[in-house]
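Heads up, target_14.cif below (mmCIF, C-alpha atoms):
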```cif
data_input
loop_
_atom_site.label_atom_id
_atom_site.label_comp_id
_atom_site.auth_asym_id
_atom_site.auth_seq_id
_atom_site.Cartn_x
_atom_site.Cartn_y
_atom_site.Cartn_z
CA MET A 5 -176.96 94.42 -104.76
CA LYS A 6 -173.81 93.30 -106.61
CA SER A 7 -173.47 90.17 -104.49
CA ILE A 8 -177.13 89.27 -105.08
CA LEU A 9 -176.75 89.64 -108.85
CA ARG A 10 -173.50 87.67 -108.79
CA ALA A 11 -175.24 84.87 -106.88
CA MET A 12 -178.14 84.94 -109.34
CA TYR A 13 -175.72 84.58 -112.24
CA SER A 14 -173.63 81.79 -110.69
CA PRO A 15 -173.35 78.41 -112.42
CA LEU A 16 -175.17 76.74 -109.53
CA SER A 17 -178.17 79.06 -109.96
CA PHE A 18 -178.41 78.14 -113.62
CA ASP A 19 -177.98 74.44 -112.77
CA VAL A 20 -181.05 74.66 -110.54
CA LEU A 21 -182.95 76.82 -113.04
CA PHE A 22 -182.38 74.49 -115.98
CA ALA A 23 -183.10 71.37 -113.90
CA LEU A 24 -186.45 72.88 -112.89
CA LEU A 25 -187.11 74.00 -116.46
CA ALA A 26 -186.44 70.47 -117.75
CA VAL A 27 -188.87 68.94 -115.26
CA ILE A 28 -191.57 71.54 -115.96
CA CYS A 29 -191.19 71.16 -119.73
CA ALA A 30 -191.30 67.37 -119.52
CA THR A 31 -194.52 67.65 -117.50
CA PHE A 32 -196.07 70.04 -120.02
CA LEU A 33 -194.95 67.87 -122.95
CA VAL A 34 -197.05 65.04 -121.52
CA ASP A 35 -199.91 67.26 -120.39
CA TRP A 36 -200.24 69.30 -123.60
CA SER A 37 -199.99 66.20 -125.78
CA GLY A 38 -203.44 65.27 -124.48
CA ALA A 39 -204.90 68.77 -124.71
CA ASP A 40 -207.64 69.55 -127.18
CA ILE A 41 -206.25 72.61 -128.92
CA PRO A 42 -208.72 74.39 -131.22
CA PRO A 43 -207.51 75.03 -134.76
CA ILE A 44 -206.43 78.56 -135.61
CA ALA A 45 -208.79 80.29 -138.00
CA PRO A 46 -207.22 81.78 -141.13
CA ALA A 47 -206.37 85.47 -140.66
CA PRO A 48 -208.80 87.82 -142.39
CA SER A 49 -205.80 89.82 -143.56
CA PRO A 50 -202.77 87.55 -143.99
CA LEU A 51 -200.61 90.50 -145.03
CA ALA A 52 -201.42 92.44 -141.84
CA LYS A 53 -200.89 89.38 -139.64
CA GLY A 54 -197.66 88.40 -141.37
CA ALA A 55 -196.29 91.94 -141.21
CA SER A 56 -197.31 92.24 -137.54
CA LEU A 57 -195.62 88.96 -136.72
CA ALA A 58 -192.44 90.15 -138.44
CA ALA A 59 -192.58 93.44 -136.50
CA VAL A 60 -193.12 91.62 -133.20
CA GLY A 61 -190.18 89.39 -134.11
CA ILE A 62 -187.94 92.43 -134.62
CA VAL A 63 -189.10 93.95 -131.30
CA GLY A 64 -188.43 90.62 -129.60
CA ALA A 65 -184.92 90.49 -131.07
CA LEU A 66 -184.19 94.03 -129.85
CA LEU A 67 -185.50 93.23 -126.36
CA GLY A 68 -183.39 90.06 -126.39
CA THR A 69 -180.32 92.08 -127.36
CA ALA A 70 -180.87 94.49 -124.46
CA SER A 71 -181.52 91.77 -121.89
CA THR A 72 -178.53 89.75 -123.09
CA ARG A 73 -176.32 92.80 -122.57
CA PHE A 74 -177.43 92.78 -118.93
CA ASP A 75 -176.70 89.04 -118.71
CA GLN A 76 -173.23 89.58 -120.17
CA ALA A 77 -172.51 92.34 -117.65
CA TRP A 78 -173.32 90.18 -114.63
CA ALA A 79 -172.57 86.61 -115.68
CA ASP A 80 -168.91 85.68 -115.71
CA ASP A 81 -167.09 84.61 -118.85
CA TYR A 82 -167.74 80.89 -118.34
CA VAL A 83 -171.42 81.19 -117.45
CA PHE A 84 -172.15 83.48 -120.40
CA GLN A 85 -170.37 81.25 -122.90
CA THR A 86 -172.15 78.22 -121.45
CA LEU A 87 -175.52 79.93 -121.90
CA CYS A 88 -174.64 81.02 -125.46
CA LYS A 89 -173.39 77.63 -126.55
CA SER A 90 -176.28 75.75 -124.93
CA ALA A 91 -178.78 78.10 -126.63
CA LEU A 92 -177.16 77.42 -130.01
CA VAL A 93 -177.05 73.68 -129.38
CA GLY A 94 -180.64 73.86 -128.11
CA ILE A 95 -181.92 75.54 -131.29
CA MET A 96 -180.10 73.05 -133.51
CA GLY A 97 -181.29 70.18 -131.31
CA PHE A 98 -184.87 71.42 -131.53
CA VAL A 99 -184.71 71.59 -135.34
CA PHE A 100 -183.33 68.03 -135.49
CA ALA A 101 -185.96 66.79 -133.01
CA ALA A 102 -188.77 68.46 -134.99
CA VAL A 103 -187.54 66.93 -138.26
CA ILE A 104 -187.17 63.48 -136.68
CA TRP A 105 -190.68 63.77 -135.25
CA GLY A 106 -192.15 64.93 -138.54
CA VAL A 107 -190.47 62.23 -140.62
CA LEU A 108 -190.62 59.23 -138.32
CA LEU A 109 -193.26 59.69 -135.63
CA ALA A 110 -195.90 62.19 -136.69
CA ASP A 111 -197.99 59.66 -138.61
CA ALA A 112 -198.08 57.21 -135.71
CA LEU A 113 -198.35 59.61 -132.77
CA GLY A 114 -199.80 62.77 -134.30
CA ARG A 115 -198.48 66.24 -135.10
CA ILE A 116 -197.36 68.48 -132.24
CA SER A 117 -198.99 71.77 -131.27
CA SER A 118 -197.22 75.11 -130.99
CA LEU A 119 -197.41 74.82 -127.18
CA SER A 120 -195.73 71.41 -127.28
CA SER A 121 -193.15 72.82 -129.69
CA LEU A 122 -192.33 75.56 -127.18
CA ALA A 123 -192.03 73.03 -124.36
CA LEU A 124 -189.84 70.86 -126.59
CA LEU A 125 -187.58 73.82 -127.43
CA LEU A 126 -187.10 74.71 -123.75
CA ALA A 127 -186.58 71.05 -122.81
CA VAL A 128 -183.90 70.64 -125.48
CA TRP A 129 -182.24 73.88 -124.30
CA SER A 130 -182.16 72.48 -120.73
CA VAL A 131 -180.59 69.22 -121.86
CA SER A 132 -178.09 71.15 -124.00
CA TYR A 133 -177.15 73.30 -121.01
CA PHE A 134 -176.17 70.23 -118.97
CA ILE A 135 -174.29 68.71 -121.92
CA VAL A 136 -172.24 71.93 -122.24
CA ARG A 137 -171.71 72.06 -118.46
CA LEU A 138 -170.36 68.50 -118.49
CA ARG A 139 -168.33 68.65 -121.70
CA GLY A 140 -167.22 72.28 -121.58
CA THR A 141 -167.74 75.26 -123.85
CA GLY A 142 -165.11 74.10 -126.32
CA ALA A 143 -166.55 70.61 -126.86
CA VAL B 21 -155.72 76.18 -125.91
CA ASN B 22 -153.62 74.63 -123.13
CA ASN B 23 -152.79 76.56 -119.98
CA ARG B 24 -150.62 76.52 -116.84
CA LEU B 25 -153.26 77.98 -114.55
CA LYS B 26 -153.37 74.99 -112.19
CA VAL B 27 -149.58 74.99 -111.77
CA LEU B 28 -149.39 78.74 -111.23
CA ARG B 29 -152.22 78.58 -108.70
CA ALA B 30 -150.58 75.70 -106.85
CA GLU B 31 -147.26 77.59 -106.68
CA ARG B 32 -149.08 80.33 -104.76
CA ASN B 33 -151.04 77.90 -102.57
CA TRP B 34 -154.31 79.36 -103.71
CA SER B 35 -157.50 77.35 -103.79
CA GLN B 36 -159.76 77.54 -106.84
CA ALA B 37 -162.19 79.62 -104.80
CA GLU B 38 -159.43 82.05 -103.83
CA LEU B 39 -158.25 82.44 -107.42
CA ALA B 40 -161.87 82.88 -108.54
CA LEU B 41 -162.30 85.67 -105.99
CA ARG B 42 -159.16 87.44 -107.23
CA LEU B 43 -160.35 87.18 -110.83
CA ASP B 44 -163.97 88.06 -110.02
CA VAL B 45 -165.30 84.88 -111.64
CA SER B 46 -167.02 81.76 -110.30
CA ARG B 47 -165.04 78.82 -108.89
CA GLN B 48 -166.57 76.70 -111.65
CA ALA B 49 -165.04 79.05 -114.23
CA VAL B 50 -161.56 78.50 -112.77
CA ASN B 51 -162.14 74.75 -112.71
CA ALA B 52 -163.36 74.75 -116.32
CA ILE B 53 -160.28 76.69 -117.48
CA GLU B 54 -157.87 74.46 -115.55
CA THR B 55 -159.40 71.30 -117.01
CA ASN B 56 -159.36 72.79 -120.54
CA LYS B 57 -163.14 72.68 -120.75
CA HIS B 58 -163.34 76.41 -121.33
CA ASP B 59 -161.13 78.89 -123.14
CA PRO B 60 -161.31 82.27 -121.41
CA SER B 61 -162.22 85.39 -123.34
CA LEU B 62 -159.41 87.82 -124.15
CA PRO B 63 -160.38 90.27 -121.34
CA LEU B 64 -160.29 87.43 -118.78
CA ALA B 65 -157.01 86.12 -120.19
CA PHE B 66 -155.54 89.60 -119.72
CA ARG B 67 -156.84 89.69 -116.12
CA ILE B 68 -155.22 86.31 -115.45
CA ALA B 69 -151.94 87.47 -116.98
CA ARG B 70 -151.97 90.66 -114.89
CA LEU B 71 -152.73 88.72 -111.70
CA PHE B 72 -149.76 86.40 -112.20
CA GLY B 73 -147.53 89.17 -113.59
CA MET B 74 -146.75 87.22 -116.75
CA PRO B 75 -147.41 87.65 -120.47
CA ILE B 76 -150.48 85.81 -121.77
CA GLU B 77 -148.38 83.48 -123.93
CA ALA B 78 -146.51 82.30 -120.82
CA ILE B 79 -149.80 81.05 -119.36
CA PHE B 80 -151.77 80.00 -122.44
CA GLN B 81 -150.30 77.96 -125.28
CA ASP B 82 -151.95 77.40 -128.62
CA GLY B 83 -152.56 73.66 -128.95
CA GLN B 84 -151.79 73.93 -132.67
CA ALA B 85 -148.25 75.23 -132.13
#
```
Structure re-expressed in structure tokens:
Amino acid sequence: MKSILRAMYSPLSFDVLFALLAVICATFLVDWSGADIPPIAPAPSPLAKGASLAAVGIVGALLGTASTRFDQAWADDYVFQTLCKSALVGIMGFVFAAVIWGVLLADALGRISSLSSLALLLAVWSVSYFIVRLRGTGA
Amino acid sequence: VNNRLKVLRAERNWSQAELALRLDVSRQAVNAIETNKHDPSLPLAFRIARLFGMPIEAIFQDGQA
């Protein structure tokens, strides 16, 4: 069991995982850009929806904390720091990409859907992972 | 942070894979530390120091100093 988990948490496993994720996200970015996504109707009770979203966000954060503890237990020092740094770079990269899109490209190419935003976030995280792998966790 | 890990490993004729096995980390982790692309956490630095029987500051040097 230990050897299987160690193999799962090896740098090579994550190299393959993020390469696949990048390809899948790139495919969905193209595919979902042509999808006809129906508009979301206004919530009958904005307060209830907003509060529920906040509660789900807190639950998600707690689940993330628990799962990350498991990751930290099995991934070695280098792999865990690589994942942490690439996640941070990925979030910042996504914010920059979203701003660039909104300011420069949205008028010409259209706004992006929440599904495309998710694919973009994961794609940027994948690219960030390989940047951190190449440049190191201290770069 | 600079380190002497590569020199110390070479003195013992260990491969990166062998050192990684002794430290219970991946070979890529050893390579990243040796090429200064990754600063190990304090627990790993202590493990490295124990393995080589040296104080941490004899293996890792602050680049600012």
**OP:** Determine the residue membership of the PyMOL selection byres ((chain A) within 6 of (chain B)) for the file above and supply it as number ranges by chain.
**Re:** A: 80, 82, 140-142
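The gap separating atom CA of A:Ser120 from atom CA of A:Trp36 is 6.2 Å, in Å to one decimal.
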**OP:** Rank A:Val131, A:Met5, A:Val107, A:Ile62 by their smallest atom-to-atom distance to A:Leu21, using all atoms listed in the file, and report the top residue only.
**Re:** A:Val131
Subject >> Explicit residue set for the PyMOL selection byres ((chain A and resi 38) around 12), as a ChimeraX atom specification >> reply: /A:31-37,39-41,113-117,119-120
Subject >> Contacts of stretch 24-26 of chain B within 7 Å, all atoms listed in the file, excl. fewer than 3 positions in-chain, as a VMD selection string >> reply: chain B and resid 29 to 30 54 79 to 80
Original post:
Which residues match the PyMOL selection byres ((chain A and resi 98) around 10) in the file above, as an MDAnalysis selection string?
Top reply: chainID A and resid 92:97 99:104 121:122 124:129
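Atom CA of A:Val20 to atom CA of B:Trp34 spans 28.0 Å [interatomic distance, one decimal].
Using only C-alpha atoms, the shortest contact distance between A:Pro15 and any of B:Asn51, B:Ala69, B:Leu28, B:Ser35 is found at B:Asn51.
Pairwise distance (atom CA of A:Trp78, atom CA of A:Ser14) equals 9.3 Å.
Among the candidates A:Ser56, A:Asp75, A:Ala123, A:Val83, the residue lying nearest to A:Ser17 is A:Val83 (atoms considered: all atoms listed in the file).
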Export: stretch 44-74 of chain B, C-alpha atoms, as a short mmCIF file (atom, residue, chain, number, x, y, z; two decimals), in the first residue's frame:
```cif
data_model
loop_
_atom_site.label_atom_id
_atom_site.label_comp_id
_atom_site.auth_asym_id
_atom_site.auth_seq_id
_atom_site.Cartn_x
_atom_site.Cartn_y
_atom_site.Cartn_z
CA ASP B 44 12.67 8.57 1.66
CA VAL B 45 12.16 11.19 -1.06
CA SER B 46 12.00 11.05 -4.86
CA ARG B 47 15.14 11.13 -7.01
CA GLN B 48 13.81 14.35 -8.53
CA ALA B 49 13.76 15.90 -5.05
CA VAL B 50 17.46 15.12 -4.57
CA ASN B 51 18.24 16.51 -8.02
CA ALA B 52 16.25 19.69 -7.33
CA ILE B 53 18.09 20.27 -4.03
CA GLU B 54 21.51 19.62 -5.58
CA THR B 55 20.86 22.08 -8.41
CA ASN B 56 19.52 24.69 -5.96
CA LYS B 57 16.07 24.57 -7.54
CA HIS B 58 14.47 23.59 -4.25
CA ASP B 59 15.18 24.46 -0.64
CA PRO B 60 14.28 21.51 1.58
CA SER B 61 11.92 21.94 4.51
CA LEU B 62 13.43 21.98 7.99
CA PRO B 63 12.40 18.35 8.75
CA LEU B 64 14.07 17.16 5.53
CA ALA B 65 17.16 19.28 6.22
CA PHE B 66 17.41 17.60 9.63
CA ARG B 67 17.08 14.15 7.99
CA ILE B 68 19.88 15.04 5.56
CA ALA B 69 22.07 16.29 8.40
CA ARG B 70 21.47 13.11 10.40
CA LEU B 71 22.22 10.90 7.40
CA PHE B 72 25.59 12.56 6.81
CA GLY B 73 26.32 12.94 10.53
CA MET B 74 26.92 16.67 10.23
#
```
